[in-house]
Structure formats: structure tokens, C-alpha cells
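Undergrad: What follows is a structure written as C-alpha cells; I'll ask about it next.
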Amino acid sequence: MSVVTRFAPSPTGFLHIGGARTALFNWLYARHCGGRFLLRVEDTDRARSTEAAIEAIFDGMRWLGLDSDEPPVFQSKNQARHVEAVEAMLASGHAYRCYCIPEELADMREAAKAEGRKALYDGRWRDRDPAEAPAGVDPVIRFKAPRDGETVIDDRVQGEVRIANDQLDDLVMLRSDGTPTYMLSVVVDDHDMGVTHVIRGDDHLVNAARQTQLFLAMGWQPPVFAHLPLIHGQDGAKLSKRHGALGVDAYRDMGFLPETLRNYLLRLGWSHGDDEIISTEQAIAWFELDGIGKSAARFDLAKLTNLNAHYLRETADGRLVGLITPLLEADGLAIDAPAAARLEAAMPGLKPRATTLLDLAAAARFYVAPRPIRPDDKAATLLDPDARQRLAALVPGLERLADWDETGIEALIREEAEKSGLKLGKIAQPLRAALTGSTTSPGLFEVMAVLGRDETLGRLADVMTNHDVAMQQKD
RNA sequence: GUCCCCAUCGUCUAGCGGUUAGGACAUCACCCUUUCAAGGUGAAGACACGGGUUCGAUUCCCGUUGGGGAUACCA
């Protein structure tokens, strides 16, 4: 039997980090098994579901590269089928009409709480004659759940979980307005879609018992369950909106790569020995359900950042240029073909110093910024008159230099430093300030090689002639 | 309240009765060095507690504590 997994988000918000991990695990397991991965939008709560949320979820899935094997299923479109399933249960005696009004239910809950019992519906309409139905009350249809014994879930993550049936009440399958509830819809859809493995958050563990009862009552084989521990925030509390539970789009905007998220999310709750850096191909080959941990994990931005730095270093220069170009353009810079080429040449020096696309773009800015380069405060301090004189002394040599490449430039500068009896830093730092406008940058000789002779000399000339630029920044 | 789940360095985790309890991130030190990173070397840092079982428990069982989840005509 081929494996079928599904990701079934309810479209009430963005694709958050926990949902993304659930989707990833389902996707990986299907890919690993050579099965199919399906996407189902659980929009049975029409009031809370929004078009924007649906788009945000699809968008997030696309960005993460989690492609589904069939077009997404919208649960709301299967309503007729869900109602039909309930009618069949009514006919087979597995369901009944309940005429309780909300106030009655509230009283019931309160009474149960007072007695220290689990707050459950007491099944008062289970066997009551429908002729006693009060006038003007639209009934709900409830599942006639087993009252004795227990329901056992053989969970692939949590192990064998036993829940006494008296802990589960007769759940509502059809609301008084005739619409199906989530609990019923999931079971019917999972069955109809041929889902073999339900991999989802821990918060559904008890639901798995109710759903198992439903599957059994309908005469269907329940799927294999695997309930993932939830992800917690840095403070250990539930990863909620106010704890920085952001959508995956927020991480994209912070400059993280999708492969970083995939690797990070995979390691959050799943392990393969001591392996940390795991490519998606490797993950597909290795992913097994028994590698999933049982305890909740905290989301750690520092580790995510470190991982992103790693993937940035591994990313092809051309792709990086493509990714930061929009950021630079948003910053008011025009990136034409020569500028893009210069950025690409600069990437080997920029990449290892960056942790996100945002700081990569910021660090790359000086390469394509228009002259004159505005030095920042610290850089301006370095460009005092003495330093400018030292820089001026370099110009003839740079003009004459035969091979304008990193080694040639380095040899020349070192020679100049030695000649004047200065430590390299005494020349290199002002030079860096003049060329990059900053006190930190990639290797100086590499910077000069990438900038080219004309641009280098031009930037030096700017500093030499335009004292105002330097002086102005000094205070 | 009731039911369910969980518990190894600050964090993510390895471990599946006998280990100097391993790795990664973060932290600190040193090396490298034209700045900043990267890289290299090293340091510090954990089995929540109490009972059992066993020749022997981080590992198995029970309890305590702590954390989380579920208790809807939401999903």
C-alpha cells in the first residue's frame, strides 16, 4: 500500500512555523516512501476562514518548496458528502438527534465541573423518543460513541495511548444549521482521500481517539497516527502570535533562505544521530517517523541564524545577487548589468561575512553605491589629513600597476608600507575607509580588485579633493 | 477540576542497562590576521527529585515536582 500524507491547515491566519514543520514532515515522509503528499484546506468554519489566509498558506508552501501532488482540496466543497456520511450513521444507529439548547449544555458543564468530573455532554437524547422534541428547536446530530472500554491509539511518536471511552462524549457531527463539524469532516475526507498517515500537532492527540471511534463506526480502517510535539517560544510557553510566532513569510523578509528553514525545522524535533547540516535530498533519504522526538522544542533564532549563514556560504553567487538586488533597489540603488557583475565578483568575499540576506545586501551596498562614497563616523575619523597624505602617496603606484588583480595590488601596497616604515594597518584602514566608507569590509585587496582601477582611483580622488566630505562626517 | 503527553548542558539533540554522558548553536579564551567575518584549537556547561527492579541505572517501573496539550454546534 502506497503512503498518502496530507497537510490540512485551517485558513485563519498565515502559515506559522509549527504548521510549516508539520507540512515539512508530511512532505518528507511521502517523498521518502515514494508516496503522495496532499494539501487540504480546512475551511469548514466559513466565518473565520479568509481568502488572504489561503493565499498566505499557499505562498508559504511554495516558498518552502513543499509541493503537493494534487490540487488542494477545499473541505467546504465536500459538505454534501459529509452530510451523506452522517445520514448513513443515522440509518445504522451510530448517530442521533439532540435537541439540547446552548443554556442546557452550559448548565451541564457547570454541574460536571462542580463535581470534579470532566465536562461532558451526558447523552440525554441518546435514547430518548424524538417525539419528545421541544418545538422550535433545530437539533444537532451527535455521534453515538461507545460508553464502555477504551480507545487505543498506536501512535508512531507517542506510543500506545489509551483513553477511556467515558472520557469522550457524543460529539456533534452536524450543527443545528445542518453544516458538518471539523471532527466529522476530517474523518470523511481522510478516508475519501485515501490518507494512510496522519502526521500533525500534538494538540490533536485526544481528537485522534474520537476520530478513531468515528472511523470504526463507519466501518473504515483508521490511518496511522503520528502526533508531533508542539514548538514552544524562547520562553518555553506556547508559540503564540504574541510570542513571535511569525508566518514563514516573516522569516523570508528577515533574509532567511528556504533551505535554512527546511533544515532548521527538520532538526527541531527530529534527529539522525549527530547530523546537523542536512540537505533536502539527504532528508528525503533519511526521514523516518521513529526519528521524531517526544518532547516539545523551543524555537531558537540564534541557531536559525547560524544555519542561514552556512547556507548563504553555500549558495551560488549569481543566485545571491538575484536575491539581494531587489533589496538594494528598494534602497534607491540602480542595479544595471555592470553593477550586477561587480556584485557577483564581490560575493565570495561578502558571503562568509553575512548571516542573512538583509545584512548581505547592506554589506554589498558600497560596491554599487554612487560616488562620492559617504564615510560613516568611524571611517571619517580615520581619514584625517595625515592619512589622506598617505593615500595620496599610493596613487602613482596604483596608476602604474601592471596587473590590476588581488595579488598585484597586495604586493604594491605592502611594498609601499614597508618603504614608508608603516604598519600595513596604518595604510589599509584609511584606504578601506576611503573605498568602502566603513571600517569593516571584505579583504581590502579583493575589494580593490573588484572595484577596478578607475573606480578605486576615483574614490581616492574624492577623498583627496573633497575635504568637506571627510570633515563634515567628523563631528 | 478532569483526562492525555512530555522531562539529558542556556537552546536543539545523541544515547535505546555497563560511555571519561557525544555533537551542534550560543558563551569565553587562544591561534590566524589589513578591518570584520569565516576557519582552527581549547574551556566552561546537563541526566528535575524520591522510591523501587537489577550485580549495575541517564536508560526499565511507580510516585512527586515542573512544563505542555485537550476538555466547543472552533479547527
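Residue numbering restarts at 1 in every chain; chains get A, B, ... in the order shown in the C-alpha cells, and ligands count up from 1 in that same order.
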List the spatial neighbours of A21 (chain B) as a CSV table (one decimal) with C-alpha atoms (C1' of nucleotides), in the first residue's frame - criterion: any atom at most 9 Å away, only C-alpha atoms (C1' of nucleotides), same-chain residues fewer than 6 positions off excluded.
TA:
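As a result, part.csv now contains:
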```csv
chain,number,residue,atom,x,y,z
B,8,U,C1',19.9,14.9,29.2
B,15,G,C1',22.2,7.8,23.9
B,46,A,C1',23.3,18.5,31.6
B,47,C,C1',20.9,13.2,33.0
B,58,U,C1',20.6,8.7,32.1
```
Undergrad: Would you list the contacts of Ile373 (chain A) as a ChimeraX atom specification, taking every protein, DNA or RNA residue within 9 Å and counting only C-alpha atoms (C1' of nucleotides), but skipping same-chain residues closer than 3 positions in sequence?
TA: /A:366,369-370,434-437,459,462-463,469
Undergrad: Once you have the residues from the selection above, write them out as a short mmCIF file (atom, residue, chain, number, x, y, z; two decimals), in the first residue's frame, restricted to C-alpha atoms.
TA:
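As written to disk, out38.cif reads:
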```
data_model
loop_
_atom_site.label_atom_id
_atom_site.label_comp_id
_atom_site.auth_asym_id
_atom_site.auth_seq_id
_atom_site.Cartn_x
_atom_site.Cartn_y
_atom_site.Cartn_z
CA PHE A 366 29.23 50.18 -1.05
CA ALA A 369 26.80 52.99 -4.37
CA PRO A 370 27.36 56.12 -6.49
CA ALA A 434 38.00 55.82 1.61
CA LEU A 435 36.93 52.97 -0.65
CA THR A 436 34.11 51.42 1.34
CA GLY A 437 33.05 54.25 3.63
CA ARG A 459 37.05 57.09 -4.85
CA ASP A 462 37.02 62.02 -3.97
CA VAL A 463 38.56 61.79 -0.54
CA VAL A 469 33.10 65.05 2.77
#
```
Undergrad: Mind dumping a table of every chain A residue within 6 Å of chain B, with the nearest atom pair and its distance in Å to one decimal, using only C-alpha atoms (C1' of nucleotides), sorted by chain and rising number, as a Markdown table?
TA:
```
| residue | atom | partner | partner_atom | distance |
| --- | --- | --- | --- | --- |
| A:Gly116 | CA | B:G1 | C1' | 5.0 |
| A:Arg117 | CA | B:U2 | C1' | 5.4 |
| A:Lys118 | CA | B:U2 | C1' | 4.5 |
| A:Arg175 | CA | B:C73 | C1' | 4.6 |
| A:Asp203 | CA | B:G69 | C1' | 5.4 |
| A:Gly273 | CA | B:A14 | C1' | 5.6 |
| A:Asp274 | CA | B:G23 | C1' | 5.3 |
| A:Ser295 | CA | B:C6 | C1' | 5.1 |
| A:Lys303 | CA | B:C25 | C1' | 4.8 |
| A:Pro352 | CA | B:A38 | C1' | 5.4 |
| A:Arg353 | CA | B:A37 | C1' | 4.3 |
| A:Leu424 | CA | B:U34 | C1' | 5.9 |
| A:Gly425 | CA | B:U34 | C1' | 4.9 |
| A:Ala428 | CA | B:U34 | C1' | 5.2 |
| A:Thr439 | CA | B:U35 | C1' | 5.9 |
| A:Thr440 | CA | B:U35 | C1' | 4.7 |
```
Undergrad: Output C-alpha atoms of each residue in that selection to a file, as a short mmCIF file (atom, residue, chain, number, x, y, z; two decimals), in the first residue's frame.
TA:
```cif
data_model
loop_
_atom_site.label_atom_id
_atom_site.label_comp_id
_atom_site.auth_asym_id
_atom_site.auth_seq_id
_atom_site.Cartn_x
_atom_site.Cartn_y
_atom_site.Cartn_z
CA GLY A 116 -14.87 17.43 39.60
CA ARG A 117 -15.80 15.41 36.55
CA LYS A 118 -14.73 16.03 33.00
CA ARG A 175 -24.64 21.52 13.63
CA ASP A 203 -2.82 19.17 20.19
CA GLY A 273 22.42 10.84 15.07
CA ASP A 274 24.72 13.85 15.30
CA SER A 295 9.29 16.39 23.84
CA LYS A 303 20.65 28.70 15.70
CA PRO A 352 31.23 34.37 4.60
CA ARG A 353 30.62 37.60 6.49
CA LEU A 424 50.13 47.76 6.97
CA GLY A 425 47.14 48.71 9.07
CA ALA A 428 44.96 49.70 4.94
CA THR A 439 35.92 50.42 8.93
CA THR A 440 34.91 46.85 8.21
#
```
Undergrad: Would you return as a ChimeraX atom specification the members of region 281-441 of chain A that DSSP assigns to alpha helix (DSSP H) on this structure's backbone?
TA: /A:281-286,301-314,317-330,337-350,357-368,377-382,385-400,406-419,424-436
Undergrad: Work out how far apart CA of Gly247 (chain A) and CA of His16 (chain A) are and give it in Å to one decimal.
TA: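 Computed distance, CA of Gly247 (chain A) to CA of His16 (chain A), equals 4.2 Å.
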Undergrad: Identify, on the basis of only C-alpha atoms (C1' of nucleotides), every residue whose closest approach to Ser68 (chain A) does not exceed 10 Å; exclude the query and any residue fewer than 3 positions from it along the same chain; express the result as a list in words.
TA: Thr5, Arg6, Phe7, Ala23, Trp27, Ala30, Arg36, Phe37, Leu38, Leu39, Arg40, Met61, Arg62, Gly65, Pro71 and Pro72 of chain A
Undergrad: Write the residues of the selection above to a file with N, CA and C atoms, as a compact mmCIF listing (two decimals), in the first residue's frame.
TA:
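out-v7.txt was written with the following content:
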```txt
# COMPACT_ATOMS: atom_id res chain seq x y z
N THR A 5 0.11 11.11 2.61
CA THR A 5 0.07 12.03 3.75
C THR A 5 -0.64 13.29 3.31
N ARG A 6 -0.96 14.11 4.28
CA ARG A 6 -1.62 15.36 3.93
C ARG A 6 -1.28 16.43 4.95
N PHE A 7 -1.33 17.67 4.48
CA PHE A 7 -1.21 18.81 5.39
C PHE A 7 -2.56 19.48 5.30
N ALA A 23 3.88 20.48 7.85
CA ALA A 23 3.83 20.30 6.40
C ALA A 23 5.11 19.63 5.91
N TRP A 27 5.45 16.09 4.03
CA TRP A 27 6.05 16.12 2.68
C TRP A 27 7.24 15.17 2.61
N ALA A 30 6.19 11.44 2.76
CA ALA A 30 5.64 10.99 1.47
C ALA A 30 6.76 10.81 0.45
N ARG A 36 2.38 9.86 -1.85
CA ARG A 36 1.83 11.13 -2.30
C ARG A 36 1.59 12.07 -1.11
N PHE A 37 1.80 13.34 -1.37
CA PHE A 37 1.59 14.37 -0.34
C PHE A 37 0.45 15.27 -0.81
N LEU A 38 -0.61 15.36 0.01
CA LEU A 38 -1.77 16.14 -0.39
C LEU A 38 -1.97 17.36 0.51
N LEU A 39 -2.69 18.32 -0.02
CA LEU A 39 -2.97 19.54 0.73
C LEU A 39 -4.48 19.73 0.81
N ARG A 40 -4.96 19.94 2.03
CA ARG A 40 -6.40 20.14 2.19
C ARG A 40 -6.64 21.37 3.06
N MET A 61 3.96 27.65 1.40
CA MET A 61 4.29 26.30 0.94
C MET A 61 5.17 26.36 -0.30
N ARG A 62 4.81 27.25 -1.18
CA ARG A 62 5.56 27.41 -2.42
C ARG A 62 6.99 27.86 -2.11
N GLY A 65 9.08 25.25 -0.87
CA GLY A 65 9.32 24.19 -1.84
C GLY A 65 8.58 22.91 -1.51
N PRO A 71 -4.00 18.96 -6.81
CA PRO A 71 -4.51 20.28 -6.47
C PRO A 71 -5.10 20.26 -5.07
N PRO A 72 -5.03 21.37 -4.36
CA PRO A 72 -5.55 21.39 -2.99
C PRO A 72 -7.04 21.08 -2.92
```
Undergrad: So that I can check the surroundings of region 400-410 of chain A, please list as a list in words every protein, DNA and RNA residue that reaches within 9 Å of it, counting only C-alpha atoms (C1' of nucleotides) and ignoring chain neighbours fewer than 4 positions away.
TA: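 What passes the distance filter is Val395, Pro396, Arg414, Glu415, Leu444, Phe445, Glu446, Val447, Met448, Ala449, Val450, Gly452 and Arg453 of chain A.
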Undergrad: Considering only C-alpha atoms (C1' of nucleotides), return as a count of residues only whatever protein or nucleic-acid residues lie within 12 Å of C30 (chain B), sequence-local ones (same chain, fewer than 3 positions apart) excluded.
TA: 4
Undergrad: To one decimal in Å, tell me the separation between CA of Ser2 (chain A) and CA of Arg262 (chain A).
TA: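 These atoms are spaced 24.5 Å apart.
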Undergrad: Identify, with DSSP run on backbone atoms, the residues in region 45-276 of chain A assigned to strand (DSSP E or B), and express the list as number ranges by chain.
TA: A: 73-74, 95-98, 140-143, 150-155, 159-164, 172-174, 180, 197-201, 224-228, 231-232, 238, 247, 270
Undergrad: Interatomic distance between CA of Arg319 (chain A) and CA of Asp336 (chain A)?
TA: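 Separation between CA of Arg319 (chain A) and CA of Asp336 (chain A): 15.8 Å.
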Undergrad: Give me, as number ranges by chain, all polymer residues having an atom no more than 10 Å from Asn78 (chain A), counting only C-alpha atoms (C1' of nucleotides) and skipping those fewer than 4 positions away in the same chain.
TA: A: 44, 73-74, 82-83, 180, 185, 188-189
Undergrad: Restricting it to C-alpha atoms, dump the selection as an mmCIF file, in the first residue's frame.
TA:
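Written file, again_9.cif:
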```
data_model
loop_
_atom_site.group_PDB
_atom_site.id
_atom_site.type_symbol
_atom_site.label_atom_id
_atom_site.label_comp_id
_atom_site.auth_asym_id
_atom_site.auth_seq_id
_atom_site.Cartn_x
_atom_site.Cartn_y
_atom_site.Cartn_z
ATOM 1 C CA THR A 44 -15.495 24.395 7.341
ATOM 2 C CA VAL A 73 -8.841 20.088 -1.643
ATOM 3 C CA PHE A 74 -11.213 22.574 -0.060
ATOM 4 C CA HIS A 82 -20.141 14.829 4.811
ATOM 5 C CA VAL A 83 -23.886 15.165 5.355
ATOM 6 C CA PRO A 180 -20.753 19.396 9.307
ATOM 7 C CA SER A 185 -15.230 16.274 8.034
ATOM 8 C CA VAL A 188 -14.650 11.509 5.933
ATOM 9 C CA ASP A 189 -12.079 13.468 3.923
#
```
